[in-house]
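Please read the structure below before turning to the comments.
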Amino acid sequence: MSCGTKCTVQEMRKAHKVLAEYDYELGKVERGYNNRTLYVNLSDNRIESKAVSQEMKDIFIGGRGFGLKLLWDAVKETTKWNDPENEIIISPGPIGGITQYPGAGKSLVVSISPLTGAIADSNVGGYFGPLLKFSGWDALEIQGKAQADVIVYIDGNSGKVTIEDAPDEEVNSHILAEQLTEMYADSESDKRNVSVVSSGMAGQHSLMGMLNFSFYDVRRKLARLKQAGRGGIGTVFRDKHIKALVVKFSNVKGDSNGPADIERIAKAGLKVHKELHDYDDVQCRMRKQGTAHLPGIAHDYDFLPVHNFRYGSHPEARKVTGIVWEQLFTQGIPDGCWYGCTMGCAKAVDNFMPLTGPYKGERVTVDGPEYETISCCGTNLGIFDPHAIVEINFYVDTYGIDSISFGTATAFAMECFELGLIDKNATGGLDFRFGSALSVLEALHQMARGEGFGRIIGQGVRRMKKHFAEAYGADAQLLADIGMECKGLEYSGYVSKGSLAQQGGYGLTLKGAQHDEAWLIFMDAVNRQIPTFEDKAEALYYFPMFRTWFGLNGLCKLPWNDVEPADNAETDEPAKVPGHVQNYVDIFSGVTGREISKEDIIRMSEAMYDFQRLFNLRLGYGTRVHDDIPYRSQGPVLDVEYLSRADKYDKELKEAVGFDPEGKTVAEKIHALKSYRKDQYEKLKDAVYKRRGWTPDGIPKLETVKRLRIDFPDVVALINKHAK
Amino acid sequence: MITVNGETYPWQEGMTVSDALKACNYKFPLIIVRIDGRLIPRDQYAVQPVEDNADIKAFHLISGG
């Protein structure tokens, strides 16, 4: 029976009704694997164990690869994000959970995205993935829909999984994670053994819901949160009526992952620990600023998004540079989101007091802000007040909203308001000019309540474009040009107008406009290392394949290249950080006992990369047209944008386009540049598809999938169907 | 004149690598500099002279992102 909203944690637990129970044999992780995954169906309360085959390990590796394999087997080509057969799969990968190397506790989450209709994958810290594995499971696969809010609890100490009706707990994450950590821990010292996955109120009222993964901070004595942000998986989570997932495992040790050669892993780890100790203060200052060191750099190099990606810098950007955040973050506390991470970049603002919303006046700890939140929810909205950015950060997290999608969608709405495409009738009276922090916060609170203009923003840029055109008669072409989404996923926080390769880094992707496949702005636009289409295509082959590998193995990308070995400059390809790539070879082999080379890393990733592309194809996406990007990502849309960099654009027109800008109107110059740049992007597509072994329509060729050993009968049938 | 990543900049008597990077507004901490193909150690940027007509490659490594 429910005890209402004011009950104690003990009373809340008493109100739980166990809907299903499953006892299992505790196992021991061997060489990074348990060789089984956990399946939970919320429609019929079924809980089962599934075996992991050698082929699954060899080809799909783990993490995102396991997610793709399990989801592929679970859905049909007609499955939509909110169909019961859609799944959420969480897997840490074989390396995930080691404590000897920084950034080795990641979970990978895979589902069909509400925003894109295709596959979403998201990489997140916190303790859930490693504790899941040490509890005996290489992945958690959730299918079906519960009747009412439930918690799935995995007790890795006793070997029991339960589905529990959970009526009384809070939904918003900063409270829910605390409640459940206290509920399932036996004592204060036991809290570090509990991890919670949750979303929030906005997760159920928007398409951009995110998942928070907790880790208990023993120094602050509270549950911290890391986010699986991209693609709206929090929305799927709440649609399934999942209030939370909880795992508990109480005996994490240095060898819990069962590595084949722990000395080899420790040796690789020691090198990076020393580099962080010796160089971080003069390199990226990750230990003091986290990724918040980037806004100043982005401003200096003209790729900081300002006013919906119109501009790459702003005079007020100095208010949000790294040193400002360094002073706001609590220093002197190791901020790793998994044991052994000496990079420790999960910075936090403590004792923050929100000025708006349901938690107004309370003291809270805010995880972040990280670069993406500062840029997407700050500068891109014309907000340069750090306190306003922290408040938005707090609420997007606890409400379970992806800060990137929220920020970019809000920036689009603000620009539409500024341009007169919508007015206060559309915004419900909100003044939505750039810089209106209070209006942004109000829209965020509305989103959490499922009301007003906030609910509209929560549908994302793609649906807003359609809505503004249909409901208000807004210019559809202009909306298409300034609406910063690709495949339905909102752009992350980098202005790509100056780099054709980065335009590909956003467009020629699997899940949409996220920079986690390739970040090439420096190589392309500053270093000018990759001038030809073939050079850019090579970069758009190597980096996405290399970075995919982190997601197969439960690794964080940041220790790869946010600290540099002393001898990196002397190597042949310093941009790849060859010393660290060798470390990854060593830790993979050290964990699994499977000897690999640097080239094998690319081969392993490429198989999964192409499999995901084909999965998108199976769901009705994954072809050339789906790699189109908005023109704002390629060049200036408005006169003010052109004029802000007129010398540069005039020079390009003269030297590259063969168009004399002298005496031409700005509109004529924009038109000429647009034709040229759009053509360049199409040529880039051709070059990249060729390098990746795909057809001109962007579909992996049969010979490519054979080479990658993913020529399963249904994959071959899919390719043949499209070849016809 | 000097050339940095293909762009020309005015040369000045007594110019160092740090001066050249400053002239380009290059403030990123992870930059590898080669002058006419020769690698310059990072701790020498403040004192390493840059000759007139030098061809400088200032490779910014990927970070963040």
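Every chain in the structure tokens takes a letter, A first, then B, and so on in the order presented; its residues are numbered from 1, and the ligands are numbered from 1 following the presented order.
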Can you check which residues of chain B have any atom within 10 Å of chain A? Use only C-alpha atoms and format it as a list in words. Val4, Asn5, Gly6, Asn25, Tyr26, Lys27, Phe28, Pro29, Leu30, Ile31, Ile32, Val33, Arg34, Leu39, Ile40, Pro41, Arg42, Lys57, Ala58, Phe59, His60, Leu61, Ile62, Ser63, Gly64 and Gly65 of chain B
Those of segment 226-314 of chain A in DSSP strand (DSSP E), formatted as a VMD selection string: chain A and resid 226 to 228 242 to 248
Would you output that residue set with N, CA, C and O atoms, as a tab-separated table (two decimals), in the first residue's frame?
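This went into out23.tsv:
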chain	number	residue	atom	x	y	z
A	226	LYS	N	26.07	10.78	-13.32
A	226	LYS	CA	26.65	10.93	-14.66
A	226	LYS	C	25.55	10.60	-15.67
A	226	LYS	O	24.66	9.81	-15.38
A	227	GLN	N	25.66	11.17	-16.85
A	227	GLN	CA	24.51	11.13	-17.76
A	227	GLN	C	24.75	10.35	-19.07
A	227	GLN	O	25.75	10.58	-19.75
A	228	ALA	N	23.83	9.46	-19.37
A	228	ALA	CA	23.73	8.87	-20.72
A	228	ALA	C	22.75	9.77	-21.46
A	228	ALA	O	21.54	9.57	-21.41
A	242	ILE	N	9.71	2.54	-15.99
A	242	ILE	CA	10.80	2.19	-15.08
A	242	ILE	C	11.10	3.43	-14.25
A	242	ILE	O	11.38	4.50	-14.80
A	243	LYS	N	11.00	3.27	-12.94
A	243	LYS	CA	11.40	4.39	-12.09
A	243	LYS	C	12.92	4.35	-11.89
A	243	LYS	O	13.57	5.39	-11.94
A	244	ALA	N	13.44	3.16	-11.69
A	244	ALA	CA	14.89	3.06	-11.51
A	244	ALA	C	15.37	1.63	-11.69
A	244	ALA	O	14.60	0.67	-11.55
A	245	LEU	N	16.65	1.52	-12.00
A	245	LEU	CA	17.36	0.25	-11.93
A	245	LEU	C	18.36	0.39	-10.79
A	245	LEU	O	19.00	1.45	-10.66
A	246	VAL	N	18.50	-0.62	-10.01
A	246	VAL	CA	19.43	-0.56	-8.88
A	246	VAL	C	20.30	-1.81	-8.89
A	246	VAL	O	19.78	-2.93	-9.09
A	247	VAL	N	21.58	-1.63	-8.71
A	247	VAL	CA	22.47	-2.78	-8.56
A	247	VAL	C	23.27	-2.61	-7.29
A	247	VAL	O	23.59	-1.48	-6.89
A	248	LYS	N	23.56	-3.76	-6.67
A	248	LYS	CA	24.39	-3.71	-5.46
A	248	LYS	C	25.40	-4.85	-5.52
A	248	LYS	O	25.04	-6.01	-5.76
Hey, which bits of segment 182-286 of chain A sit within 6 Å of segment 15-34 of chain A, and for each residue what's the closest pair of atoms and how far apart in Å (one decimal), counting only C-alpha atoms, rows by chain and increasing number, as CSV?
residue,atom,partner,partner_atom,distance
A:Asn257,CA,A:Gly32,CA,5.2
A:Gly258,CA,A:Glu30,CA,4.6
A:Pro259,CA,A:Arg31,CA,4.6
A:Ala260,CA,A:Arg31,CA,5.6
Test item: residues at most 9 Å from Tyr9 of chain B, only C-alpha atoms, excluding those fewer than 2 positions along its chain, as a PyMOL selection string: chain B and resi 1-4+7+11+20+23-24
Need the shell around Arg709 of chain A: protein/DNA/RNA residues with any atom at most 8 Å away, counting only C-alpha atoms. Skip same-chain ones fewer than 3 positions apart. Format as a PyMOL selection string? chain A and resi 59+607+705-706+712
Between atom CA of Asn251 of chain A and atom CA of Ile151 of chain A, measure the distance and give it in Å to one decimal. 22.9 Å
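Look at Gly105 of chain A: the protein and nucleic acid residues within 10 Å of it, using only C-alpha atoms and passing over chain neighbours fewer than 3 places away, are Pro92, Gly93, Ile95, Gly96, Gly97, Ile98, Thr99, Tyr101, Pro102, Val124, Gly125, Gly126, Tyr127, Phe128, Gly129, Pro130, Leu131, Gly336, Cys337, Trp338, Tyr339, Gly340, Cys341, Asn553, Gly554, Leu555 and Cys556 of chain A.
Among A:Glu362, A:Glu668, A:Asp714, A:Asp73, the residue with the shortest atom-to-atom distance to Phe394 of chain A, counting only C-alpha atoms, is A:Glu362.
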Looking only at alpha helix (DSSP H) from DSSP on the backbone, list the matching residues of segment 32-177 of chain A as a list in words.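 So the alpha helix (DSSP H) residues in segment 32-177 of chain A would be Gln54, Glu55, Arg64, Gly65, Phe66, Gly67, Leu68, Lys69, Leu70, Leu71, Trp72, Asp73, Ala74, Phe128, Gly129, Pro130, Leu131, Leu132, Lys133, Phe134, Ser173, His174, Ile175, Leu176 and Ala177 of chain A.
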Grab the residues selected above and save them as a PDB file, in the first residue's frame with C-alpha atoms.
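Written out: part-v8.pdb:
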ATOM      1  CA  GLN A  54      32.313 -17.177 -28.295  1.00  0.00           C
ATOM      2  CA  GLU A  55      31.194 -15.707 -31.628  1.00  0.00           C
ATOM      3  CA  ARG A  64      27.675  -1.158 -27.414  1.00  0.00           C
ATOM      4  CA  GLY A  65      28.347  -4.244 -29.533  1.00  0.00           C
ATOM      5  CA  PHE A  66      26.398  -6.455 -27.148  1.00  0.00           C
ATOM      6  CA  GLY A  67      23.639  -3.847 -27.088  1.00  0.00           C
ATOM      7  CA  LEU A  68      23.413  -3.894 -30.871  1.00  0.00           C
ATOM      8  CA  LYS A  69      23.385  -7.691 -31.058  1.00  0.00           C
ATOM      9  CA  LEU A  70      20.689  -8.107 -28.404  1.00  0.00           C
ATOM     10  CA  LEU A  71      18.528  -5.330 -29.841  1.00  0.00           C
ATOM     11  CA  TRP A  72      18.885  -6.646 -33.403  1.00  0.00           C
ATOM     12  CA  ASP A  73      17.549 -10.009 -32.251  1.00  0.00           C
ATOM     13  CA  ALA A  74      14.713  -8.400 -30.284  1.00  0.00           C
ATOM     14  CA  PHE A 128      26.277   0.745 -12.594  1.00  0.00           C
ATOM     15  CA  GLY A 129      28.011  -1.074 -15.458  1.00  0.00           C
ATOM     16  CA  PRO A 130      30.963  -2.443 -13.484  1.00  0.00           C
ATOM     17  CA  LEU A 131      28.762  -3.437 -10.522  1.00  0.00           C
ATOM     18  CA  LEU A 132      26.363  -5.137 -12.954  1.00  0.00           C
ATOM     19  CA  LYS A 133      29.246  -7.140 -14.341  1.00  0.00           C
ATOM     20  CA  PHE A 134      30.645  -8.083 -10.946  1.00  0.00           C
ATOM     21  CA  SER A 173      17.017  11.987 -10.100  1.00  0.00           C
ATOM     22  CA  HIS A 174      18.913  13.970  -7.474  1.00  0.00           C
ATOM     23  CA  ILE A 175      16.362  12.865  -4.860  1.00  0.00           C
ATOM     24  CA  LEU A 176      15.553   9.418  -6.215  1.00  0.00           C
ATOM     25  CA  ALA A 177      19.221   8.364  -6.387  1.00  0.00           C
TER      26      ALA A 177
END
Non-local contacts of Pro49 of chain B (9 Å; only C-alpha atoms; under 6 positions in same chain excluded) as JSON, numbers by chain: {"B": [14, 15, 16, 17]}
Can you list, as a PyMOL selection string, every protein, DNA or RNA residue that comes within 12 Å of Met608 of chain A when you count only C-alpha atoms, leaving out same-chain residues fewer than 4 positions away? chain A and resi 56-69+510+544-552+601-604+612-615+700+705+708-711
N, CA and C atoms of the current selection, written as a compact mmCIF listing (two decimals), in the first residue's frame:
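Output contents, as saved in result_16.txt:
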# COMPACT_ATOMS: atom_id res chain seq x y z
N MET A 56 29.83 -14.25 -30.24
CA MET A 56 29.35 -12.94 -29.78
C MET A 56 30.52 -12.13 -29.20
N LYS A 57 31.38 -12.78 -28.47
CA LYS A 57 32.53 -12.06 -27.89
C LYS A 57 33.53 -11.67 -28.98
N ASP A 58 33.74 -12.56 -29.91
CA ASP A 58 34.75 -12.30 -30.96
C ASP A 58 34.32 -11.15 -31.87
N ILE A 59 33.05 -11.11 -32.21
CA ILE A 59 32.60 -10.13 -33.20
C ILE A 59 31.97 -8.89 -32.55
N PHE A 60 31.13 -9.12 -31.57
CA PHE A 60 30.42 -7.98 -30.97
C PHE A 60 31.15 -7.39 -29.76
N ILE A 61 32.14 -8.06 -29.26
CA ILE A 61 33.10 -7.64 -28.22
C ILE A 61 32.43 -7.41 -26.86
N GLY A 62 31.48 -6.49 -26.81
CA GLY A 62 30.83 -6.15 -25.53
C GLY A 62 30.29 -4.73 -25.61
N GLY A 63 29.82 -4.20 -24.50
CA GLY A 63 29.36 -2.81 -24.46
C GLY A 63 28.32 -2.53 -25.53
N ARG A 64 28.60 -1.53 -26.34
CA ARG A 64 27.68 -1.16 -27.41
C ARG A 64 27.45 -2.31 -28.39
N GLY A 65 28.48 -3.11 -28.62
CA GLY A 65 28.35 -4.24 -29.53
C GLY A 65 27.33 -5.25 -29.02
N PHE A 66 27.39 -5.54 -27.73
CA PHE A 66 26.40 -6.46 -27.15
C PHE A 66 25.00 -5.83 -27.23
N GLY A 67 24.93 -4.53 -26.99
CA GLY A 67 23.64 -3.85 -27.09
C GLY A 67 23.04 -3.98 -28.47
N LEU A 68 23.89 -3.80 -29.49
CA LEU A 68 23.41 -3.89 -30.87
C LEU A 68 22.94 -5.31 -31.20
N LYS A 69 23.72 -6.28 -30.77
CA LYS A 69 23.38 -7.69 -31.06
C LYS A 69 22.05 -8.07 -30.39
N LEU A 510 26.49 7.75 -37.16
CA LEU A 510 25.48 6.71 -36.99
C LEU A 510 24.22 7.24 -36.31
N PRO A 544 36.32 7.72 -36.36
CA PRO A 544 35.08 7.06 -35.90
C PRO A 544 35.30 5.58 -35.56
N MET A 545 36.14 4.92 -36.34
CA MET A 545 36.37 3.50 -36.03
C MET A 545 37.14 3.37 -34.72
N PHE A 546 38.17 4.19 -34.56
CA PHE A 546 38.95 4.09 -33.33
C PHE A 546 38.08 4.40 -32.11
N ARG A 547 37.31 5.47 -32.21
CA ARG A 547 36.55 5.91 -31.04
C ARG A 547 35.37 4.97 -30.73
N THR A 548 34.88 4.27 -31.76
CA THR A 548 33.84 3.27 -31.50
C THR A 548 34.35 2.21 -30.52
N TRP A 549 35.62 1.94 -30.58
CA TRP A 549 36.22 0.88 -29.76
C TRP A 549 36.07 1.16 -28.26
N PHE A 550 36.11 2.43 -27.87
CA PHE A 550 35.89 2.75 -26.45
C PHE A 550 34.53 2.24 -25.99
N GLY A 551 33.54 2.41 -26.86
CA GLY A 551 32.18 1.99 -26.52
C GLY A 551 31.98 0.49 -26.53
N LEU A 552 32.85 -0.23 -27.18
CA LEU A 552 32.75 -1.70 -27.15
C LEU A 552 33.35 -2.25 -25.87
N ILE A 601 42.16 -3.15 -33.49
CA ILE A 601 41.22 -2.21 -32.86
C ILE A 601 40.27 -1.65 -33.92
N ILE A 602 40.85 -1.24 -35.03
CA ILE A 602 40.03 -0.65 -36.09
C ILE A 602 39.10 -1.70 -36.70
N ARG A 603 39.63 -2.90 -36.90
CA ARG A 603 38.79 -3.96 -37.50
C ARG A 603 37.61 -4.32 -36.59
N MET A 604 37.89 -4.42 -35.29
CA MET A 604 36.81 -4.75 -34.34
C MET A 604 35.72 -3.68 -34.38
N GLN A 612 25.89 -1.29 -37.08
CA GLN A 612 24.93 -0.27 -36.61
C GLN A 612 24.35 0.51 -37.79
N ARG A 613 25.20 0.79 -38.78
CA ARG A 613 24.69 1.46 -39.98
C ARG A 613 23.61 0.61 -40.66
N LEU A 614 23.87 -0.68 -40.73
CA LEU A 614 22.90 -1.58 -41.35
C LEU A 614 21.65 -1.73 -40.49
N PHE A 615 21.82 -1.62 -39.19
CA PHE A 615 20.65 -1.66 -38.30
C PHE A 615 19.75 -0.46 -38.59
N PRO A 700 26.81 -0.21 -46.55
CA PRO A 700 27.98 -1.10 -46.61
C PRO A 700 27.80 -2.16 -47.70
N VAL A 705 30.98 -6.28 -45.63
CA VAL A 705 30.47 -7.03 -44.47
C VAL A 705 31.08 -8.42 -44.40
N LEU A 708 34.36 -8.02 -42.78
CA LEU A 708 34.22 -7.73 -41.35
C LEU A 708 33.56 -8.87 -40.58
N ARG A 709 33.23 -9.94 -41.25
CA ARG A 709 32.63 -11.15 -40.65
C ARG A 709 31.26 -10.85 -40.01
N ILE A 710 30.55 -9.93 -40.60
CA ILE A 710 29.17 -9.70 -40.12
C ILE A 710 28.17 -10.06 -41.23
N ASP A 711 28.58 -10.97 -42.09
CA ASP A 711 27.71 -11.36 -43.20
C ASP A 711 26.74 -12.46 -42.75
